[in-house]
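Asker: Dropping in work07.cif, with mmCIF, C-alpha atoms and all ligand atoms.
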data_run
loop_
_atom_site.group_PDB
_atom_site.id
_atom_site.type_symbol
_atom_site.label_atom_id
_atom_site.label_comp_id
_atom_site.auth_asym_id
_atom_site.auth_seq_id
_atom_site.Cartn_x
_atom_site.Cartn_y
_atom_site.Cartn_z
ATOM 1 C CA MET A 15 0.657 -21.575 12.025
ATOM 2 C CA SER A 16 -0.897 -18.964 9.779
ATOM 3 C CA ILE A 17 -3.760 -19.625 7.374
ATOM 4 C CA GLU A 18 -2.808 -19.579 3.694
ATOM 5 C CA ARG A 19 -4.360 -16.883 1.560
ATOM 6 C CA ALA A 20 -6.826 -17.840 -1.172
ATOM 7 C CA CYS A 21 -6.042 -16.995 -4.789
ATOM 8 C CA PRO A 22 -5.778 -13.165 -4.819
ATOM 9 C CA VAL A 23 -7.553 -12.979 -8.192
ATOM 10 C CA CYS A 24 -10.508 -15.429 -8.057
ATOM 11 C CA HIS A 25 -10.464 -16.302 -4.320
ATOM 12 C CA GLY A 26 -10.411 -20.005 -5.174
ATOM 13 C CA ARG A 27 -8.525 -22.447 -2.950
ATOM 14 C CA GLY A 28 -7.772 -25.211 -5.433
ATOM 15 C CA HIS A 29 -4.141 -25.169 -6.469
ATOM 16 C CA ALA A 30 -1.290 -27.232 -7.861
ATOM 17 C CA PRO A 31 2.399 -27.006 -6.839
ATOM 18 C CA PHE A 32 4.529 -24.597 -8.917
ATOM 19 C CA ALA A 33 7.800 -23.912 -7.045
ATOM 20 C CA ASP A 34 9.285 -24.734 -3.669
ATOM 21 C CA GLU A 35 10.515 -21.991 -1.389
ATOM 22 C CA ARG A 36 14.132 -20.994 -1.923
ATOM 23 C CA ILE A 37 15.283 -18.223 0.419
ATOM 24 C CA ASP A 38 18.854 -17.474 1.432
ATOM 25 C CA PRO A 39 18.551 -15.111 4.434
ATOM 26 C CA GLU A 40 22.163 -13.945 3.941
ATOM 27 C CA ARG A 41 21.221 -12.529 0.538
ATOM 28 C CA VAL A 42 17.962 -10.816 1.469
ATOM 29 C CA GLY A 43 19.615 -7.403 1.357
ATOM 30 C CA ALA A 44 18.260 -3.943 0.641
ATOM 31 C CA LEU A 45 18.672 -4.546 -3.086
ATOM 32 C CA THR A 46 16.223 -7.436 -3.084
ATOM 33 C CA TYR A 47 13.319 -4.975 -3.105
ATOM 34 C CA ALA A 48 14.711 -2.568 -5.706
ATOM 35 C CA SER A 49 13.494 -2.852 -9.282
ATOM 36 C CA ARG A 50 15.665 -4.076 -12.143
ATOM 37 C CA LYS A 51 18.479 -5.499 -10.017
ATOM 38 C CA PRO A 52 20.370 -8.693 -10.904
ATOM 39 C CA PRO A 53 18.007 -11.658 -10.527
ATOM 40 C CA GLU A 54 18.568 -13.708 -7.410
ATOM 41 C CA PHE A 55 16.553 -16.836 -8.195
ATOM 42 C CA MET A 56 15.069 -16.810 -4.737
ATOM 43 C CA CYS A 57 11.352 -17.268 -4.354
ATOM 44 C CA LEU A 58 8.552 -17.896 -1.937
ATOM 45 C CA ARG A 59 6.630 -21.158 -2.232
ATOM 46 C CA LEU A 60 4.438 -20.741 -5.310
ATOM 47 C CA VAL A 61 1.274 -22.566 -6.368
ATOM 48 C CA ARG A 62 -0.865 -22.326 -9.505
ATOM 49 C CA CYS A 63 -4.566 -21.581 -9.078
ATOM 50 C CA THR A 64 -6.449 -24.349 -10.865
ATOM 51 C CA THR A 65 -9.423 -22.006 -11.425
ATOM 52 C CA CYS A 66 -7.917 -18.824 -12.937
ATOM 53 C CA ASP A 67 -4.300 -19.847 -13.763
ATOM 54 C CA LEU A 68 -2.623 -17.309 -11.440
ATOM 55 C CA VAL A 69 0.674 -18.409 -9.888
ATOM 56 C CA TYR A 70 0.865 -17.056 -6.341
ATOM 57 C CA ALA A 71 2.547 -17.333 -2.957
ATOM 58 C CA PRO A 72 -0.033 -18.692 -0.500
ATOM 59 C CA SER A 73 1.998 -17.433 2.487
ATOM 60 C CA PRO A 74 3.523 -14.040 1.567
ATOM 61 C CA PRO A 75 5.440 -11.937 4.105
ATOM 62 C CA ALA A 76 3.367 -9.626 6.319
ATOM 63 C CA GLU A 77 2.144 -6.444 4.625
ATOM 64 C CA ASP A 78 3.925 -4.055 6.975
ATOM 65 C CA PHE A 79 7.190 -5.883 6.237
ATOM 66 C CA LEU A 80 6.604 -5.359 2.503
ATOM 67 C CA HIS A 81 5.786 -1.654 2.914
ATOM 68 C CA ALA A 82 8.958 -1.102 4.941
ATOM 69 C CA ALA A 83 11.051 -3.099 2.463
ATOM 70 C CA TYR A 84 9.885 -0.991 -0.514
ATOM 71 C CA ALA A 85 10.168 2.303 1.377
ATOM 72 C CA ASP A 86 13.810 1.488 2.203
ATOM 73 C CA ALA A 87 14.758 -0.188 -1.061
ATOM 74 C CA ASP A 88 17.942 1.019 -2.706
ATOM 75 C CA PHE A 89 17.519 2.541 -6.101
ATOM 76 C CA ASP A 90 19.867 1.413 -8.848
ATOM 77 C CA SER A 91 18.195 2.223 -12.128
ATOM 78 C CA GLY A 92 18.866 5.219 -14.415
ATOM 79 C CA PRO A 93 19.412 4.419 -18.122
ATOM 80 C CA GLU A 94 17.468 1.167 -17.760
ATOM 81 C CA ALA A 95 14.513 2.996 -16.231
ATOM 82 C CA MET A 96 14.579 5.409 -19.196
ATOM 83 C CA ALA A 97 14.661 2.494 -21.653
ATOM 84 C CA ALA A 98 11.732 0.827 -19.879
ATOM 85 C CA ALA A 99 9.716 4.066 -19.966
ATOM 86 C CA LYS A 100 10.282 4.361 -23.724
ATOM 87 C CA THR A 101 9.036 0.775 -24.164
ATOM 88 C CA TYR A 102 5.893 1.508 -22.140
ATOM 89 C CA ALA A 103 5.242 4.793 -23.975
ATOM 90 C CA ASP A 104 5.449 3.010 -27.345
ATOM 91 C CA ALA A 105 3.072 0.281 -26.122
ATOM 92 C CA LEU A 106 0.593 2.768 -24.619
ATOM 93 C CA ALA A 107 0.513 5.273 -27.481
ATOM 94 C CA PRO A 108 -1.976 3.405 -29.737
ATOM 95 C CA HIS A 109 -4.386 2.979 -26.800
ATOM 96 C CA LEU A 110 -4.380 6.696 -25.983
ATOM 97 C CA GLN A 111 -5.783 7.499 -29.431
ATOM 98 C CA GLY A 112 -9.119 5.975 -28.423
ATOM 99 C CA LEU A 113 -9.138 7.635 -25.012
ATOM 100 C CA THR A 114 -11.308 10.761 -25.113
ATOM 101 C CA GLY A 115 -10.765 12.150 -21.586
ATOM 102 C CA ARG A 116 -7.645 14.088 -20.638
ATOM 103 C CA ASN A 117 -8.095 14.500 -16.892
ATOM 104 C CA ALA A 118 -5.202 13.336 -14.728
ATOM 105 C CA ALA A 119 -2.885 10.527 -15.814
ATOM 106 C CA VAL A 120 -1.478 8.508 -12.919
ATOM 107 C CA ASP A 121 1.563 6.219 -13.015
ATOM 108 C CA VAL A 122 1.650 3.859 -10.027
ATOM 109 C CA GLY A 123 5.120 2.632 -9.059
ATOM 110 C CA ALA A 124 6.552 5.539 -11.022
ATOM 111 C CA GLY A 125 10.127 5.189 -9.707
ATOM 112 C CA SER A 126 12.033 8.384 -10.447
ATOM 113 C CA GLY A 127 9.319 9.324 -12.954
ATOM 114 C CA PRO A 128 10.864 8.538 -16.371
ATOM 115 C CA LEU A 129 7.417 8.067 -17.982
ATOM 116 C CA LEU A 130 5.896 11.280 -16.605
ATOM 117 C CA PRO A 131 7.294 13.779 -19.177
ATOM 118 C CA TRP A 132 5.880 11.610 -21.965
ATOM 119 C CA LEU A 133 2.461 11.518 -20.257
ATOM 120 C CA GLN A 134 2.633 15.327 -20.013
ATOM 121 C CA SER A 135 3.248 15.477 -23.764
ATOM 122 C CA GLN A 136 -0.014 13.548 -24.315
ATOM 123 C CA GLY A 137 -2.142 16.454 -23.137
ATOM 124 C CA PHE A 138 -3.380 15.272 -19.736
ATOM 125 C CA ALA A 139 -4.559 18.065 -17.412
ATOM 126 C CA SER A 140 -2.192 16.794 -14.738
ATOM 127 C CA VAL A 141 0.313 13.988 -14.392
ATOM 128 C CA ILE A 142 0.903 12.232 -11.086
ATOM 129 C CA GLY A 143 3.439 9.563 -10.189
ATOM 130 C CA ILE A 144 2.944 7.406 -7.099
ATOM 131 C CA GLU A 145 6.041 5.797 -5.644
ATOM 132 C CA PRO A 146 6.750 4.172 -2.262
ATOM 133 C CA SER A 147 10.539 4.510 -2.384
ATOM 134 C CA ARG A 148 11.953 7.770 -1.024
ATOM 135 C CA ALA A 149 15.303 7.035 -2.709
ATOM 136 C CA ALA A 150 13.600 6.806 -6.116
ATOM 137 C CA ILE A 151 11.796 10.141 -5.602
ATOM 138 C CA ASP A 152 15.020 11.842 -4.463
ATOM 139 C CA ASP A 153 16.634 10.553 -7.661
ATOM 140 C CA ALA A 154 14.027 12.232 -9.905
ATOM 141 C CA PRO A 155 15.052 15.208 -12.080
ATOM 142 C CA PRO A 156 14.004 18.575 -10.534
ATOM 143 C CA ALA A 157 11.269 19.097 -13.162
ATOM 144 C CA VAL A 158 9.698 15.715 -12.418
ATOM 145 C CA ARG A 159 10.032 15.491 -8.624
ATOM 146 C CA PRO A 160 7.011 17.760 -7.859
ATOM 147 C CA LEU A 161 4.798 15.307 -9.817
ATOM 148 C CA LEU A 162 5.687 12.408 -7.496
ATOM 149 C CA ARG A 163 3.653 11.467 -4.428
ATOM 150 C CA GLU A 164 5.258 9.204 -1.831
ATOM 151 C CA GLY A 165 3.300 6.152 -0.738
ATOM 152 C CA MET A 166 1.377 3.070 -1.802
ATOM 153 C CA PHE A 167 -1.544 3.492 -4.245
ATOM 154 C CA SER A 168 -4.757 4.437 -2.448
ATOM 155 C CA ALA A 169 -7.843 6.565 -3.036
ATOM 156 C CA SER A 170 -6.749 9.024 -0.325
ATOM 157 C CA LEU A 171 -3.471 9.726 -2.132
ATOM 158 C CA LEU A 172 -5.556 10.859 -5.148
ATOM 159 C CA GLU A 173 -8.294 12.768 -3.354
ATOM 160 C CA GLY A 174 -10.136 15.166 -5.656
ATOM 161 C CA GLU A 175 -8.815 13.495 -8.818
ATOM 162 C CA THR A 176 -10.923 11.663 -11.419
ATOM 163 C CA PRO A 177 -8.177 10.295 -13.650
ATOM 164 C CA SER A 178 -8.662 9.452 -17.323
ATOM 165 C CA LEU A 179 -5.717 7.059 -17.220
ATOM 166 C CA ILE A 180 -4.147 4.952 -14.496
ATOM 167 C CA CYS A 181 -1.141 2.908 -15.489
ATOM 168 C CA SER A 182 1.186 0.637 -13.625
ATOM 169 C CA PHE A 183 4.113 -1.296 -14.984
ATOM 170 C CA MET A 184 5.628 -4.321 -13.299
ATOM 171 C CA THR A 185 4.038 -3.593 -9.942
ATOM 172 C CA LEU A 186 1.018 -5.954 -9.747
ATOM 173 C CA GLU A 187 3.338 -8.867 -8.973
ATOM 174 C CA HIS A 188 4.472 -7.097 -5.827
ATOM 175 C CA LEU A 189 1.127 -6.150 -4.302
ATOM 176 C CA PRO A 190 -0.390 -8.171 -1.443
ATOM 177 C CA ASP A 191 -3.844 -7.622 -2.991
ATOM 178 C CA PRO A 192 -3.823 -6.949 -6.761
ATOM 179 C CA GLY A 193 -7.638 -7.292 -6.829
ATOM 180 C CA ASP A 194 -7.916 -4.373 -4.435
ATOM 181 C CA PHE A 195 -5.556 -2.368 -6.652
ATOM 182 C CA VAL A 196 -7.638 -2.767 -9.823
ATOM 183 C CA ALA A 197 -10.911 -2.234 -7.915
ATOM 184 C CA THR A 198 -9.568 1.049 -6.499
ATOM 185 C CA ALA A 199 -8.389 2.081 -9.967
ATOM 186 C CA HIS A 200 -11.826 1.300 -11.404
ATOM 187 C CA HIS A 201 -13.518 3.313 -8.664
ATOM 188 C CA LEU A 202 -11.260 6.364 -9.208
ATOM 189 C CA LEU A 203 -11.307 6.486 -13.024
ATOM 190 C CA GLU A 204 -13.759 8.689 -14.866
ATOM 191 C CA PRO A 205 -16.332 6.792 -16.980
ATOM 192 C CA GLY A 206 -14.579 5.904 -20.240
ATOM 193 C CA GLY A 207 -11.191 6.065 -18.481
ATOM 194 C CA ALA A 208 -8.533 3.400 -18.957
ATOM 195 C CA LEU A 209 -6.394 1.193 -16.765
ATOM 196 C CA ALA A 210 -3.156 -0.012 -18.376
ATOM 197 C CA VAL A 211 -0.899 -2.539 -16.682
ATOM 198 C CA VAL A 212 2.180 -4.461 -17.757
ATOM 199 C CA VAL A 213 3.018 -7.739 -16.050
ATOM 200 C CA HIS A 214 5.304 -10.713 -16.591
ATOM 201 C CA ASP A 215 3.464 -13.541 -18.375
ATOM 202 C CA TRP A 216 4.556 -16.771 -16.689
ATOM 203 C CA ARG A 217 3.197 -18.769 -19.635
ATOM 204 C CA ALA A 218 5.264 -16.850 -22.231
ATOM 205 C CA PRO A 219 7.629 -19.205 -24.107
ATOM 206 C CA LEU A 220 10.845 -17.623 -22.783
ATOM 207 C CA ASN A 221 9.696 -17.896 -19.172
ATOM 208 C CA ARG A 222 8.597 -21.504 -19.674
ATOM 209 C CA LEU A 223 11.959 -22.254 -21.278
ATOM 210 C CA LEU A 224 13.958 -20.774 -18.404
ATOM 211 C CA GLY A 225 11.633 -22.358 -15.832
ATOM 212 C CA LEU A 226 12.781 -21.657 -12.297
ATOM 213 C CA ARG A 227 15.859 -19.863 -13.691
ATOM 214 C CA SER A 228 13.638 -17.181 -15.243
ATOM 215 C CA PRO A 229 14.098 -13.677 -13.768
ATOM 216 C CA ILE A 230 10.372 -13.703 -12.963
ATOM 217 C CA ILE A 231 11.053 -16.311 -10.278
ATOM 218 C CA ASP A 232 11.883 -13.802 -7.599
ATOM 219 C CA VAL A 233 11.330 -13.584 -3.858
ATOM 220 C CA GLU A 234 9.560 -10.228 -4.216
ATOM 221 C CA HIS A 235 6.906 -11.570 -6.620
ATOM 222 C CA LEU A 236 3.814 -12.482 -4.626
ATOM 223 C CA GLN A 237 1.959 -13.538 -7.776
ATOM 224 C CA LEU A 238 2.615 -14.091 -11.484
ATOM 225 C CA PHE A 239 -0.022 -13.643 -14.162
ATOM 226 C CA SER A 240 -0.856 -15.416 -17.399
ATOM 227 C CA ARG A 241 -3.172 -13.971 -20.057
ATOM 228 C CA ARG A 242 -6.114 -15.793 -18.503
ATOM 229 C CA ALA A 243 -5.368 -14.690 -14.929
ATOM 230 C CA LEU A 244 -4.810 -11.064 -15.991
ATOM 231 C CA ARG A 245 -8.065 -10.902 -17.958
ATOM 232 C CA GLU A 246 -9.897 -12.403 -14.969
ATOM 233 C CA LEU A 247 -8.388 -9.752 -12.668
ATOM 234 C CA LEU A 248 -9.599 -6.841 -14.810
ATOM 235 C CA GLN A 249 -13.009 -8.374 -15.541
ATOM 236 C CA ARG A 250 -13.730 -8.924 -11.862
ATOM 237 C CA ALA A 251 -13.129 -5.221 -11.175
ATOM 238 C CA GLY A 252 -15.663 -4.313 -13.879
ATOM 239 C CA PHE A 253 -13.349 -3.350 -16.731
ATOM 240 C CA GLU A 254 -14.615 -3.812 -20.292
ATOM 241 C CA HIS A 255 -13.082 -3.949 -23.775
ATOM 242 C CA ILE A 256 -10.022 -5.629 -22.266
ATOM 243 C CA GLU A 257 -7.162 -5.914 -24.734
ATOM 244 C CA LEU A 258 -4.065 -8.022 -24.045
ATOM 245 C CA SER A 259 -0.914 -7.712 -26.105
ATOM 246 C CA PRO A 260 2.674 -8.899 -25.671
ATOM 247 C CA ILE A 261 5.204 -6.052 -25.623
ATOM 248 C CA ARG A 262 8.771 -5.879 -26.837
ATOM 249 C CA ASN A 263 11.193 -4.469 -24.283
ATOM 250 C CA ALA A 264 14.071 -2.376 -25.624
ATOM 251 C CA TYR A 265 17.092 -2.270 -23.328
ATOM 252 C CA PRO A 266 20.843 -1.718 -23.667
ATOM 253 C CA LEU A 267 22.671 -5.017 -24.232
ATOM 254 C CA ARG A 268 24.551 -4.625 -20.923
ATOM 255 C CA TYR A 269 21.202 -4.837 -19.139
ATOM 256 C CA TRP A 270 20.054 -7.941 -21.032
ATOM 257 C CA LEU A 271 23.311 -9.544 -19.979
ATOM 258 C CA ARG A 272 22.624 -8.824 -16.314
ATOM 259 C CA LEU A 273 19.297 -10.649 -16.606
ATOM 260 C CA THR A 274 20.678 -13.833 -18.131
ATOM 261 C CA PRO A 275 21.128 -16.863 -15.885
ATOM 262 C CA LEU A 276 24.854 -17.052 -16.775
ATOM 263 C CA PRO A 277 27.365 -17.517 -13.936
ATOM 264 C CA ALA A 278 29.047 -14.244 -12.818
ATOM 265 C CA PRO A 279 32.481 -14.909 -14.428
ATOM 266 C CA ALA A 280 30.839 -15.612 -17.804
ATOM 267 C CA LYS A 281 28.819 -12.415 -17.444
ATOM 268 C CA SER A 282 31.849 -10.226 -16.817
ATOM 269 C CA LEU A 283 33.671 -11.871 -19.712
ATOM 270 C CA ALA A 284 30.737 -11.188 -22.034
ATOM 271 C CA LEU A 285 30.358 -7.631 -20.730
ATOM 272 C CA GLY A 286 34.057 -7.029 -21.387
ATOM 273 C CA LEU A 287 33.584 -8.150 -24.986
ATOM 274 C CA LEU A 288 30.485 -5.994 -25.498
ATOM 275 C CA GLU A 289 32.329 -2.975 -24.116
ATOM 276 C CA ARG A 290 35.423 -3.598 -26.210
ATOM 277 C CA PHE A 291 33.301 -3.651 -29.375
ATOM 278 C CA GLY A 292 31.296 -0.635 -28.266
ATOM 279 C CA LEU A 293 28.031 -2.607 -28.151
ATOM 280 C CA ALA A 294 27.203 -2.539 -24.444
ATOM 281 C CA ASP A 295 24.935 0.505 -24.748
ATOM 282 C CA HIS A 296 23.204 -0.505 -27.975
ATOM 283 C CA ASN A 297 19.478 -0.929 -27.566
ATOM 284 C CA PHE A 298 18.039 -4.306 -28.399
ATOM 285 C CA ALA A 299 14.291 -5.041 -28.406
ATOM 286 C CA MET A 300 12.948 -8.465 -27.568
ATOM 287 C CA ASN A 301 9.708 -10.090 -26.488
ATOM 288 C CA VAL A 302 10.667 -11.400 -23.054
ATOM 289 C CA GLY A 303 7.195 -12.433 -22.047
ATOM 290 C CA ASN A 304 5.743 -9.159 -20.809
ATOM 291 C CA LEU A 305 2.081 -8.516 -21.308
ATOM 292 C CA LEU A 306 0.183 -5.221 -21.623
ATOM 293 C CA ALA A 307 -3.480 -5.192 -20.580
ATOM 294 C CA VAL A 308 -5.756 -2.216 -21.164
ATOM 295 C CA GLY A 309 -9.299 -2.123 -19.787
ATOM 296 C CA ILE A 310 -11.959 0.587 -20.038
ATOM 297 C CA LYS A 311 -14.415 1.702 -17.360
ATOM 298 C CA ARG A 312 -17.954 1.694 -18.736
ATOM 299 C CA ARG A 313 -19.283 5.155 -19.637
HETATM 300 ZN ZN ZN A 401 -7.518 -18.014 -9.056
#
For this file, produce the structure as structure tokens.

Answerer:
Amino acid sequence: MSIERACPVCHGRGHAPFADERIDPERVGALTYASRKPPEFMCLRLVRCTTCDLVYAPSPPAEDFLHAAYADADFDSGPEAMAAAKTYADALAPHLQGLTGRNAAVDVGAGSGPLLPWLQSQGFASVIGIEPSRAAIDDAPPAVRPLLREGMFSASLLEGETPSLICSFMTLEHLPDPGDFVATAHHLLEPGGALAVVVHDWRAPLNRLLGLRSPIIDVEHLQLFSRRALRELLQRAGFEHIELSPIRNAYPLRYWLRLTPLPAPAKSLALGLLERFGLADHNFAMNVGNLLAVGIKRR
């Protein structure tokens, strides 16, 4: 019997039940660990930290299992990854105006690098994407592939760099130790540099409405943040001037449909209708309970 982990944000041990474990071993396929795949509504046992409000799995799978799962994950994104990158660029842009340094910009969990050309356009001396999935890197356009480094985020992967910006979108939920991630980011950044992360907000109205049918309830999520838990995470690493803001995600309608908790036959019926009326690829922006946090390292 293994010992349960403490809250990965505040290290407290007081918690309340949140969700029971639901795992179907038959369905834990390669796609489970790819981003933006159809939701599976499987999850680890989740509890809510009564100190900092983080929802987390007290008994996550072993770290080497997770590394192997992400390294081997299939990659099924493309247009949706481009749409997500546009959303993140729009959300980040106002924060870059106040950022004076233009050393390296680093995107952690960069996938096939859809955000990297935009970061290049913002005048950073270099742009680096970090991505554990080989398949995602192989999928990158030839101009972007040289910017990608294969692996999990670590100081050694960024040796010699003092980034002005480190960003990471929808990855903190997947990390065995998100506190270690933000501490490493804080250590690497130049004084005055910024960390920007986007996470699912489990307290957002849509996620509360969908409850355990929300796409955020997912076997690969080791923790889920609220505004309070996310602020606590950044504060503990030493970040200042922390700003939290909900973001609107713009995606093609066919992708929104994939995320809904509708049964499969209803989904294909609806998709057929959208395609017949030429609407399936129309972009539609909605606040689906994602939260941007930006914190600054003291000068
Ligand atoms: Zn906590």

Asker: Measuring between only C-alpha atoms, which one of A:Pro160, A:Gly123, A:Gly92, A:Pro279 shows the shortest distance to His188 (chain A)?

Answerer: A:Gly123

Asker: Check what the PyMOL selection byres (((chain A and resi 158) around 8) and not hetatm) selects in the file above and give those residues as an MDAnalysis selection string.

Answerer: chainID A and resid 126:127 130:131 154:157 159:162

Asker: Hey, which residues come within 8 Å of ligand ZN 401 (chain A) if we count all atoms listed in the file? Could you give them as a list in words?

Answerer: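 The residues within 8 Å of ligand ZN 401 (chain A), counting all atoms listed in the file, are Ala20, Cys21, Pro22, Val23, Cys24, His25, Gly26, Arg27, Arg62, Cys63, Thr64, Thr65, Cys66, Asp67, Leu68 and Ala243 of chain A.
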
Asker: Spell out the residues picked by the PyMOL selection byres (((chain A and resi 274) around 9) and not hetatm) here, as a list in words.

Answerer: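 Those residues are Pro52, Pro53, Arg227, Ser228, Pro229, Trp270, Leu271, Arg272, Leu273, Pro275, Leu276, Pro277 and Lys281 of chain A.
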
Asker: May I have the protein, DNA and RNA residues with any atom at most 12 Å from the point (-10.0, 6.5, -15.6), counting only C-alpha atoms, written as an MDAnalysis selection string?

Answerer: chainID A and resid 110 113:121 138 175:181 196:210 253 308:313

Asker: Can you pull out the residues contacting region 233-235 of chain A? Cut-off 6 Å, using only C-alpha atoms, and skip same-chain residues under 5 positions away; I want them as a PyMOL selection string.

Answerer: chain A and resi 56-58+187-188

Asker: To one decimal place in Å, what is the distance between CA of Pro266 (chain A) and CA of Ala299 (chain A)?

Answerer: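 Going from CA of Pro266 (chain A) over to CA of Ala299 (chain A), I get 8.7 Å.
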
Asker: Might you spell out which residues the PyMOL selection byres (((chain A and resi 33) around 10) and not hetatm) would select in the displayed file, as a PyMOL selection string?

Answerer: chain A and resi 30-32+34-36+57-62+69-71+225-226+231

Asker: Separation of CA of Pro190 (chain A) and CA of Ile37 (chain A), in Å?

Answerer: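 Interatomic distance, CA of Pro190 (chain A) to CA of Ile37 (chain A): 18.7 Å.
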
Asker: When you get a chance, write out N, CA and C atoms for region 184-203 of chain A, as a short mmCIF file (atom, residue, chain, number, x, y, z; two decimals), in the frame of the given file.

Answerer:
data_model
loop_
_atom_site.label_atom_id
_atom_site.label_comp_id
_atom_site.auth_asym_id
_atom_site.auth_seq_id
_atom_site.Cartn_x
_atom_site.Cartn_y
_atom_site.Cartn_z
N MET A 184 4.82 -3.41 -14.11
CA MET A 184 5.63 -4.32 -13.30
C MET A 184 5.46 -4.08 -11.80
N THR A 185 4.25 -3.73 -11.39
CA THR A 185 4.04 -3.59 -9.94
C THR A 185 3.01 -4.60 -9.41
N LEU A 186 2.09 -5.09 -10.26
CA LEU A 186 1.02 -5.95 -9.75
C LEU A 186 1.56 -7.22 -9.09
N GLU A 187 2.73 -7.66 -9.55
CA GLU A 187 3.34 -8.87 -8.97
C GLU A 187 3.72 -8.67 -7.51
N HIS A 188 3.92 -7.39 -7.15
CA HIS A 188 4.47 -7.10 -5.83
C HIS A 188 3.40 -6.81 -4.78
N LEU A 189 2.15 -6.63 -5.22
CA LEU A 189 1.13 -6.15 -4.30
C LEU A 189 0.49 -7.30 -3.53
N PRO A 190 0.27 -7.12 -2.22
CA PRO A 190 -0.39 -8.17 -1.44
C PRO A 190 -1.81 -8.44 -1.95
N ASP A 191 -2.47 -7.42 -2.52
CA ASP A 191 -3.84 -7.62 -2.99
C ASP A 191 -4.06 -6.93 -4.34
N PRO A 192 -3.67 -7.59 -5.44
CA PRO A 192 -3.82 -6.95 -6.76
C PRO A 192 -5.29 -6.70 -7.12
N GLY A 193 -6.21 -7.50 -6.57
CA GLY A 193 -7.64 -7.29 -6.83
C GLY A 193 -8.10 -5.96 -6.25
N ASP A 194 -7.59 -5.64 -5.07
CA ASP A 194 -7.92 -4.37 -4.43
C ASP A 194 -7.36 -3.21 -5.26
N PHE A 195 -6.17 -3.41 -5.82
CA PHE A 195 -5.56 -2.37 -6.65
C PHE A 195 -6.44 -2.04 -7.87
N VAL A 196 -6.85 -3.05 -8.61
CA VAL A 196 -7.64 -2.77 -9.82
C VAL A 196 -9.05 -2.27 -9.47
N ALA A 197 -9.60 -2.73 -8.33
CA ALA A 197 -10.91 -2.23 -7.92
C ALA A 197 -10.82 -0.75 -7.56
N THR A 198 -9.76 -0.36 -6.86
CA THR A 198 -9.57 1.05 -6.50
C THR A 198 -9.38 1.89 -7.77
N ALA A 199 -8.61 1.37 -8.71
CA ALA A 199 -8.39 2.08 -9.97
C ALA A 199 -9.72 2.27 -10.70
N HIS A 200 -10.53 1.23 -10.72
CA HIS A 200 -11.83 1.30 -11.40
C HIS A 200 -12.73 2.35 -10.75
N HIS A 201 -12.71 2.36 -9.43
CA HIS A 201 -13.52 3.31 -8.66
C HIS A 201 -13.09 4.76 -8.96
N LEU A 202 -11.78 4.99 -9.06
CA LEU A 202 -11.26 6.36 -9.21
C LEU A 202 -11.43 6.91 -10.63
N LEU A 203 -11.31 6.03 -11.63
CA LEU A 203 -11.31 6.49 -13.02
C LEU A 203 -12.62 7.17 -13.40
#
